[in-house]
Amino acid sequence: MSITEATSNSVEDSNTHTKNHLNLVKLYLAIGILVYALMMIAGVALRAAQGASYLDMNPQLFYQIMTLHGAGMVGVTGLAGLAVNWYFLSRHVLLSTKIFLSALLLSLIAVAMIIGSILIGKFAAGWTFLYPLPAKSLGIWSIASAVTFAAGLLVLGVAFLLVYLDMAIAISKKYGNLTRGLGLHMLFGRAPVDTSHPTTVVASSMVIIVNVAGIAVGAVVLIMTIANLISPAIAPDALLMKHLIYFFGHVFINASIYSAITAVYEILPKYTRRPWTVSKPFLAAWFAATFMVMAVYPHHLLMDFAMPPWAAIAGQIISYTSGIPVLVVTAFGGLTLVYRSGIRWDACSSLLVLGLFGWAAGVVPAVIDGMIRVNMVMHNTLWVPGHFHFYLILGMLPMVLGFAAYLTTNGEQGKSNKIPVYIYAAGGITLCMSFLVSGSLSIPRRFAVHQESWQWLGNVGAIAGTTVLVGTLLIALPILFRLPGATLSAAR
Ligand code: HEM
Ligand SMILES: [Cu+2]
C-alpha cells in the first residue's frame, strides 16, 4: 500500500504545508542526526573513561565533555522534537517558515557559544549549571566562559519561544485559542467530541503551554545566574535557584518527548490503516499531563532537607501519577492500533514502536527513583542516568529516527532494513542496564574516576554505547542520503 492512500485527517488540511516546510524540516533533521552522532561519540568517551581500560581521560576534560554531552543532547533533543512537532502541526495550521529558519540560525549561534565556552573556555559545571557552581570554578574556567555558556542557553530559549509564539498564534487563529486546541471545549463542554480534531493540535497545545512556562523560568534563572557571575554581591537563594533550574530542565526535556510523540500519532495509523482520533480519555489525559508535567519537578529536590516535607511528599505522589495519563492513552492506543492490523514492519514502524516501548518502560526506573525512601539512597547514583538514557535512547530518539525514516520511505512501506534497529535497541538496552546496575550497586553519577571494582560496568557501557552509535549510523546514513530527494507527496 502506498502511504498516499492512508487514512489521516491531516490530508485535507495539507494546503498549509509547502515544499519549504518540508525542506526546513529536512535541514533540522540532518543537523540533528549529525549532532546526535557527535554527542554519542562524546558519551562513549565518558563511559570508556569510567571503565578505564579503553581510554584514559584527565578528570578536568571529563567534566568538560560531560557538560558538552549533556547540553548538546538536551539541546538537540529539544530541536529534534520541535522539528517533528512543527512538521505535523504545519499540516493543520499555517506556520511561518521564516520564523522556523530564524530559530535554527539562532540555535546555531547558541551552539557556537556553548561549545566555545566548554572547549575553549573550559566551562565544566554540567549542563544543569547548578548555582553557585558556575561561579566556583577554582580557577579552571573564567567568569566570561560561564557567562557565555549561560547566555548561549538563553539564546537557545529565545529560538524556541519564537517558534512557540508562531505556533500558538496559528493554533489560536484556526481553533480559537490554546485551550480549544487542547480540546477542552469537547472535554468539559456539551459539544460532542469532534473526531476530526487533530491529535497533533492537542499535543502541540500542551507542549506550547508547558514549555513556554519552562523556558520562561529557565530565562529567569539564567539571567539571575549571569547577574551573580558578573556581580557576586547579587547572591540569590540557592534553594530557589535549584527549584527554577529543575522546573526548567524537567519541563523542557519532557516537552521534547511529548513533541516527538506526534510522530507516533500521525505515522502509525498510516501503517496499520486504522485512524487514531481524539476521544474523551485522550483529551483528559493531555489535559491532566499539562498540569502534572509542571507539578512533578520537586522529585529533583527530594534530597534537599530544607524543603518542607509536604512538598517532597506531593512531589512523590505526583511523580507516581504524572506520566501515566498520556502514557496509558498512547501505549494502549498504539497497541490496539497495531494488534492484528497486518502492519508492515520496516525501519520506520519498528522505530516508532520501539519508541513507545522505551518511553513506557523508562517510566519504571523513573517511578522507583521518585520514591523518597529510594531516592535517599539512589539519587546521586548512576540509576538516574540509567532512567533518563532509557527514555531518551529507547523512547525519544527512535521516534525522531522513525519520523526521519518515514519522510524518506517515498511511499514504500515494508522495504527498509530492520536489522540496524535491532542493533540499536540491543546496544541501547545494554547501555541503560550498565547504568541501572551501577546505580543499584550505589556507584555515584558524575564521577570521572571509578573504583576498580566498578570499572567493568563502564567498559560494558562503552561497548554498548559504541553499538548504539553504529546502529544510529546504520539507520541514519541511508536516511541522510535519501533525505534530499524526499518529496512532499511521497512523505504523505
Ligand atoms: C551512545 C550513547 C550514549 C552514551 C554512551 C552516553 C554516555 C553518558 C555518560 C557516561 C554520562 C555520564 C554519566 C555520569 O557519570 O553521570 C552521560 C550523561 C548524560 N547523557 Fe548520555 N550517553 C549516550 C546517549 C545520550 C543521549 C541520546 C542523550 C539524550 C538524548 C543523553 C543525555 C545525557 C545527559 C542529559 C547526561 C547528563 C549529563 C550530566 O550529568 O550533567 N545521552 N551520558
Ligand atoms: Cu524530572
# chains A, B, ... in the order shown; residues from 1 in each chain; ligands from 1
call {"tool": "residues_near_ligand", "arguments": {"ligand": "ligand 2", "cutoff": "10 Å", "atoms": "only C-alpha atoms and all ligand atoms", "output": "list in words"}}
result
Tyr246, Phe247, Phe248, Gly249, His250, Val251, Phe252, Ile253, Asn254, Val293, Met294, Ala295, Val296, Tyr297, Pro298, His299, His300, Leu301, Gly315, Ser319, Ala366, Gly370 and Phe388 of chain A
call {"tool": "closest_atom_pairs", "arguments": {"of": "chain A", "to": "ligand 1", "cutoff": "6 Å", "atoms": "only C-alpha atoms and all ligand atoms", "output": "Markdown table"}}
result
| residue | atom | partner | partner_atom_place_in_ligand_line | distance |
| --- | --- | --- | --- | --- |
| A:Met40 | CA | ligand 1 | 1 (C) | 4.1 |
| A:Gly43 | CA | ligand 1 | 7 (C) | 3.6 |
| A:Val44 | CA | ligand 1 | 5 (C) | 3.8 |
| A:Leu46 | CA | ligand 1 | 10 (C) | 4.4 |
| A:Arg47 | CA | ligand 1 | 10 (C) | 3.8 |
| A:Met66 | CA | ligand 1 | 38 (C) | 5.5 |
| A:Thr67 | CA | ligand 1 | 41 (O) | 5.5 |
| A:Gly70 | CA | ligand 1 | 35 (C) | 4.0 |
| A:Met73 | CA | ligand 1 | 29 (C) | 4.4 |
| A:Val74 | CA | ligand 1 | 35 (C) | 5.7 |
| A:Thr77 | CA | ligand 1 | 30 (C) | 5.5 |
| A:Gly126 | CA | ligand 1 | 41 (O) | 4.2 |
| A:Trp127 | CA | ligand 1 | 41 (O) | 5.1 |
| A:Pro385 | CA | ligand 1 | 13 (C) | 5.9 |
| A:His389 | CA | ligand 1 | 31 (C) | 5.8 |
| A:Leu392 | CA | ligand 1 | 30 (C) | 4.8 |
| A:Ile393 | CA | ligand 1 | 27 (C) | 4.8 |
| A:Arg445 | CA | ligand 1 | 16 (O) | 3.8 |
| A:Arg446 | CA | ligand 1 | 16 (O) | 3.5 |
| A:Phe447 | CA | ligand 1 | 15 (O) | 5.2 |
| A:Ala462 | CA | ligand 1 | 5 (C) | 5.8 |
| A:Gly465 | CA | ligand 1 | 1 (C) | 3.8 |
| A:Thr466 | CA | ligand 1 | 1 (C) | 5.9 |
| A:Val468 | CA | ligand 1 | 1 (C) | 5.2 |
| A:Leu469 | CA | ligand 1 | 1 (C) | 5.3 |
call {"tool": "residues_around", "arguments": {"residues": "range 180-194 of chain A", "least_positions_apart": "6", "cutoff": "6 Å", "atoms": "only C-alpha atoms", "output": "list in words"}}
result
Val201, Val202, Ser205 and Lys280 of chain A
call {"tool": "write_last_selection", "arguments": {"atoms": "C-alpha atoms", "output": "JSON list (two decimals), in the first residue's frame"}}
result
[["chain", "number", "residue", "atom", "x", "y", "z"],
["A", 201, "VAL", "CA", -3.04, 20.02, 17.68],
["A", 202, "VAL", "CA", -3.87, 18.67, 21.14],
["A", 205, "SER", "CA", -1.15, 22.99, 22.55],
["A", 280, "LYS", "CA", -12.58, 11.89, 25.82]]
call {"tool": "select_by_dssp", "arguments": {"residues": "range 181-278 of chain A", "states": "helix (DSSP H, G or I)", "output": "VMD selection string"}}
result
chain A and resid 181 184 to 188 199 to 230 238 to 272
call {"tool": "residues_around", "arguments": {"residues": "Ile343 in chain A", "least_positions_apart": "5", "cutoff": "9 Å", "atoms": "only C-alpha atoms", "output": "ChimeraX atom specification"}}
result
/A:268,271-273,338,349,414
call {"tool": "residues_around", "arguments": {"residues": "Met224 in chain A", "least_positions_apart": "6", "cutoff": "12 Å", "atoms": "only C-alpha atoms", "output": "list in words"}}
result
Phe129, Leu130, Tyr131, Pro132, Pro134, Ala135, Val147, Ala150, Ala151, Leu154, Val217, Gly218, Ile230, Ser231, Pro232, Ala233, Ile234, Ala235, Pro236, Asp237, Ala238, Leu240, Met241, Lys242, Leu244 and Ile245 of chain A
call {"tool": "write_last_selection", "arguments": {"atoms": "N, CA and C atoms", "output": "PDB file, in the first residue's frame"}}
result
ATOM      1  N   PHE A 129      24.048  23.665  35.203  1.00  0.00           N
ATOM      2  CA  PHE A 129      24.624  24.910  35.730  1.00  0.00           C
ATOM      3  C   PHE A 129      24.137  25.234  37.142  1.00  0.00           C
ATOM      4  N   LEU A 130      24.158  24.226  38.016  1.00  0.00           N
ATOM      5  CA  LEU A 130      23.539  24.386  39.336  1.00  0.00           C
ATOM      6  C   LEU A 130      24.252  25.462  40.161  1.00  0.00           C
ATOM      7  N   TYR A 131      23.508  26.472  40.509  1.00  0.00           N
ATOM      8  CA  TYR A 131      24.023  27.589  41.290  1.00  0.00           C
ATOM      9  C   TYR A 131      24.519  27.093  42.645  1.00  0.00           C
ATOM     10  N   PRO A 132      25.612  27.532  43.190  1.00  0.00           N
ATOM     11  CA  PRO A 132      26.533  28.550  42.669  1.00  0.00           C
ATOM     12  C   PRO A 132      27.753  27.971  41.932  1.00  0.00           C
ATOM     13  N   PRO A 134      28.634  27.449  38.798  1.00  0.00           N
ATOM     14  CA  PRO A 134      29.255  28.167  37.671  1.00  0.00           C
ATOM     15  C   PRO A 134      30.223  29.264  38.127  1.00  0.00           C
ATOM     16  N   ALA A 135      29.959  29.805  39.323  1.00  0.00           N
ATOM     17  CA  ALA A 135      30.819  30.897  39.808  1.00  0.00           C
ATOM     18  C   ALA A 135      31.981  30.372  40.656  1.00  0.00           C
ATOM     19  N   VAL A 147      29.575  32.898  31.764  1.00  0.00           N
ATOM     20  CA  VAL A 147      28.548  33.807  31.233  1.00  0.00           C
ATOM     21  C   VAL A 147      28.197  33.414  29.793  1.00  0.00           C
ATOM     22  N   ALA A 150      25.881  30.356  29.856  1.00  0.00           N
ATOM     23  CA  ALA A 150      24.513  30.699  30.256  1.00  0.00           C
ATOM     24  C   ALA A 150      23.830  31.526  29.171  1.00  0.00           C
ATOM     25  N   ALA A 151      24.564  32.454  28.571  1.00  0.00           N
ATOM     26  CA  ALA A 151      23.962  33.283  27.522  1.00  0.00           C
ATOM     27  C   ALA A 151      23.618  32.431  26.305  1.00  0.00           C
ATOM     28  N   LEU A 154      20.415  30.882  26.914  1.00  0.00           N
ATOM     29  CA  LEU A 154      19.384  31.917  26.821  1.00  0.00           C
ATOM     30  C   LEU A 154      18.986  32.150  25.356  1.00  0.00           C
ATOM     31  N   VAL A 217      10.860  30.315  32.832  1.00  0.00           N
ATOM     32  CA  VAL A 217      11.519  30.140  34.129  1.00  0.00           C
ATOM     33  C   VAL A 217      13.018  29.937  33.916  1.00  0.00           C
ATOM     34  N   GLY A 218      13.365  29.185  32.874  1.00  0.00           N
ATOM     35  CA  GLY A 218      14.779  29.000  32.542  1.00  0.00           C
ATOM     36  C   GLY A 218      15.459  30.329  32.279  1.00  0.00           C
ATOM     37  N   ILE A 230      28.462  38.152  37.158  1.00  0.00           N
ATOM     38  CA  ILE A 230      29.052  39.462  36.889  1.00  0.00           C
ATOM     39  C   ILE A 230      29.230  40.233  38.186  1.00  0.00           C
ATOM     40  N   SER A 231      28.247  40.092  39.071  1.00  0.00           N
ATOM     41  CA  SER A 231      28.312  40.868  40.306  1.00  0.00           C
ATOM     42  C   SER A 231      27.976  39.957  41.491  1.00  0.00           C
ATOM     43  N   PRO A 232      28.995  39.327  42.106  1.00  0.00           N
ATOM     44  CA  PRO A 232      28.756  38.326  43.150  1.00  0.00           C
ATOM     45  C   PRO A 232      27.945  38.848  44.325  1.00  0.00           C
ATOM     46  N   ALA A 233      27.842  40.166  44.461  1.00  0.00           N
ATOM     47  CA  ALA A 233      27.028  40.712  45.550  1.00  0.00           C
ATOM     48  C   ALA A 233      25.562  40.334  45.348  1.00  0.00           C
ATOM     49  N   ILE A 234      25.175  40.114  44.093  1.00  0.00           N
ATOM     50  CA  ILE A 234      23.817  39.639  43.842  1.00  0.00           C
ATOM     51  C   ILE A 234      23.856  38.130  44.072  1.00  0.00           C
ATOM     52  N   ALA A 235      23.425  37.711  45.278  1.00  0.00           N
ATOM     53  CA  ALA A 235      23.536  36.291  45.620  1.00  0.00           C
ATOM     54  C   ALA A 235      22.152  35.738  45.916  1.00  0.00           C
ATOM     55  N   PRO A 236      21.474  35.197  44.900  1.00  0.00           N
ATOM     56  CA  PRO A 236      20.127  34.679  45.126  1.00  0.00           C
ATOM     57  C   PRO A 236      20.142  33.453  46.038  1.00  0.00           C
ATOM     58  N   ASP A 237      18.956  33.101  46.531  1.00  0.00           N
ATOM     59  CA  ASP A 237      18.808  31.946  47.413  1.00  0.00           C
ATOM     60  C   ASP A 237      19.072  30.659  46.620  1.00  0.00           C
ATOM     61  N   ALA A 238      19.969  29.817  47.155  1.00  0.00           N
ATOM     62  CA  ALA A 238      20.387  28.635  46.387  1.00  0.00           C
ATOM     63  C   ALA A 238      19.227  27.660  46.169  1.00  0.00           C
ATOM     64  N   LEU A 240      16.037  28.375  45.957  1.00  0.00           N
ATOM     65  CA  LEU A 240      15.152  28.952  44.945  1.00  0.00           C
ATOM     66  C   LEU A 240      15.722  28.692  43.549  1.00  0.00           C
ATOM     67  N   MET A 241      17.035  28.901  43.422  1.00  0.00           N
ATOM     68  CA  MET A 241      17.676  28.690  42.119  1.00  0.00           C
ATOM     69  C   MET A 241      17.505  27.244  41.673  1.00  0.00           C
ATOM     70  N   LYS A 242      17.648  26.327  42.628  1.00  0.00           N
ATOM     71  CA  LYS A 242      17.536  24.911  42.278  1.00  0.00           C
ATOM     72  C   LYS A 242      16.109  24.594  41.806  1.00  0.00           C
ATOM     73  N   LEU A 244      14.063  26.659  40.341  1.00  0.00           N
ATOM     74  CA  LEU A 244      13.863  27.226  39.000  1.00  0.00           C
ATOM     75  C   LEU A 244      14.564  26.370  37.946  1.00  0.00           C
ATOM     76  N   ILE A 245      15.805  25.960  38.253  1.00  0.00           N
ATOM     77  CA  ILE A 245      16.574  25.185  37.276  1.00  0.00           C
ATOM     78  C   ILE A 245      15.880  23.859  36.979  1.00  0.00           C
TER      79      ILE A 245
END
call {"tool": "atom_distance", "arguments": {"atom1": "CA of Ala311 in chain A", "atom2": "CA of Val384 in chain A"}}
result
20.8 Å
call {"tool": "closest_residue", "arguments": {"among": "A:Val364, A:Leu61, A:Ile143, A:Leu119", "to": "Ala448 in chain A", "atoms": "only C-alpha atoms"}}
result
A:Leu61
call {"tool": "atom_distance", "arguments": {"atom1": "CA of His17 in chain A", "atom2": "CA of Ser204 in chain A"}}
result
16.5 Å
call {"tool": "atom_distance", "arguments": {"atom1": "CA of Tyr391 in chain A", "atom2": "CA of Gly358 in chain A"}}
result
5.8 Å
call {"tool": "closest_residue", "arguments": {"among": "A:Ala360, A:Ile443, A:Ala260, A:Leu165", "to": "Ile324 in chain A", "atoms": "only C-alpha atoms"}}
result
A:Ala360
call {"tool": "residues_around", "arguments": {"residues": "Leu156 in chain A", "least_positions_apart": "4", "cutoff": "8 Å", "atoms": "only C-alpha atoms", "output": "NGL selection string"}}
result
:A and (106-107 or 110-111 or 152 or 160)
call {"tool": "write_last_selection", "arguments": {"atoms": "C-alpha atoms", "output": "PDB file, in the first residue's frame"}}
result
ATOM      1  CA  LEU A 106      19.693  31.396  16.485  1.00  0.00           C
ATOM      2  CA  SER A 107      20.202  27.836  17.719  1.00  0.00           C
ATOM      3  CA  ALA A 110      23.724  29.326  20.695  1.00  0.00           C
ATOM      4  CA  VAL A 111      25.540  26.088  19.914  1.00  0.00           C
ATOM      5  CA  GLY A 152      24.132  30.515  24.913  1.00  0.00           C
ATOM      6  CA  PHE A 160      12.209  28.070  20.953  1.00  0.00           C
TER       7      PHE A 160
END
call {"tool": "residues_around", "arguments": {"residues": "Ser442 in chain A", "least_positions_apart": "4", "cutoff": "10 Å", "atoms": "only C-alpha atoms", "output": "list of chain:residue names"}}
result
A:Val377, A:Met378, A:His379, A:Asn380, A:Thr381, A:Leu382, A:Trp383, A:Leu436, A:Val437, A:Ser438, A:Trp454
call {"tool": "write_last_selection", "arguments": {"atoms": "N, CA, C and O atoms", "output": "mmCIF file, in the first residue's frame"}}
result
data_model
loop_
_atom_site.group_PDB
_atom_site.id
_atom_site.type_symbol
_atom_site.label_atom_id
_atom_site.label_comp_id
_atom_site.auth_asym_id
_atom_site.auth_seq_id
_atom_site.Cartn_x
_atom_site.Cartn_y
_atom_site.Cartn_z
ATOM 1 N N VAL A 377 18.774 6.990 48.785
ATOM 2 C CA VAL A 377 19.929 6.138 48.530
ATOM 3 C C VAL A 377 20.418 6.261 47.082
ATOM 4 O O VAL A 377 21.608 6.227 46.813
ATOM 5 N N MET A 378 19.461 6.421 46.169
ATOM 6 C CA MET A 378 19.800 6.275 44.754
ATOM 7 C C MET A 378 20.091 7.576 44.035
ATOM 8 O O MET A 378 20.603 7.564 42.930
ATOM 9 N N HIS A 379 19.677 8.719 44.595
ATOM 10 C CA HIS A 379 19.589 9.853 43.697
ATOM 11 C C HIS A 379 20.894 10.272 43.044
ATOM 12 O O HIS A 379 20.896 10.638 41.895
ATOM 13 N N ASN A 380 21.963 10.227 43.775
ATOM 14 C CA ASN A 380 23.196 10.654 43.117
ATOM 15 C C ASN A 380 23.998 9.487 42.563
ATOM 16 O O ASN A 380 25.198 9.571 42.387
ATOM 17 N N THR A 381 23.291 8.419 42.260
ATOM 18 C CA THR A 381 23.969 7.269 41.654
ATOM 19 C C THR A 381 23.672 7.231 40.154
ATOM 20 O O THR A 381 22.862 7.998 39.645
ATOM 21 N N LEU A 382 24.304 6.279 39.483
ATOM 22 C CA LEU A 382 24.094 6.129 38.039
ATOM 23 C C LEU A 382 22.698 5.602 37.703
ATOM 24 O O LEU A 382 22.358 5.453 36.533
ATOM 25 N N TRP A 383 21.885 5.324 38.727
ATOM 26 C CA TRP A 383 20.488 4.954 38.466
ATOM 27 C C TRP A 383 19.796 6.073 37.668
ATOM 28 O O TRP A 383 18.986 5.819 36.778
ATOM 29 N N LEU A 436 21.925 1.277 35.091
ATOM 30 C CA LEU A 436 20.988 0.902 36.165
ATOM 31 C C LEU A 436 21.638 -0.064 37.151
ATOM 32 O O LEU A 436 21.470 0.055 38.365
ATOM 33 N N VAL A 437 22.391 -1.039 36.619
ATOM 34 C CA VAL A 437 23.078 -1.971 37.524
ATOM 35 C C VAL A 437 24.086 -1.197 38.368
ATOM 36 O O VAL A 437 24.179 -1.378 39.586
ATOM 37 N N SER A 438 24.820 -0.274 37.747
ATOM 38 C CA SER A 438 25.763 0.547 38.512
ATOM 39 C C SER A 438 25.032 1.285 39.624
ATOM 40 O O SER A 438 25.498 1.353 40.766
ATOM 41 N N TRP A 454 34.246 -1.090 40.029
ATOM 42 C CA TRP A 454 33.114 -0.579 39.237
ATOM 43 C C TRP A 454 33.423 -0.552 37.749
ATOM 44 O O TRP A 454 32.528 -0.355 36.927
#
call {"tool": "closest_residue", "arguments": {"among": "A:Pro325, A:Ala213, A:Val449, A:Asp304", "to": "Tyr63 in chain A", "atoms": "only C-alpha atoms"}}
result
A:Val449
call {"tool": "closest_residue", "arguments": {"among": "A:Ser350, A:Ala314, A:Asn375, A:Ala124", "to": "Leu302 in chain A", "atoms": "only C-alpha atoms"}}
result
A:Asn375
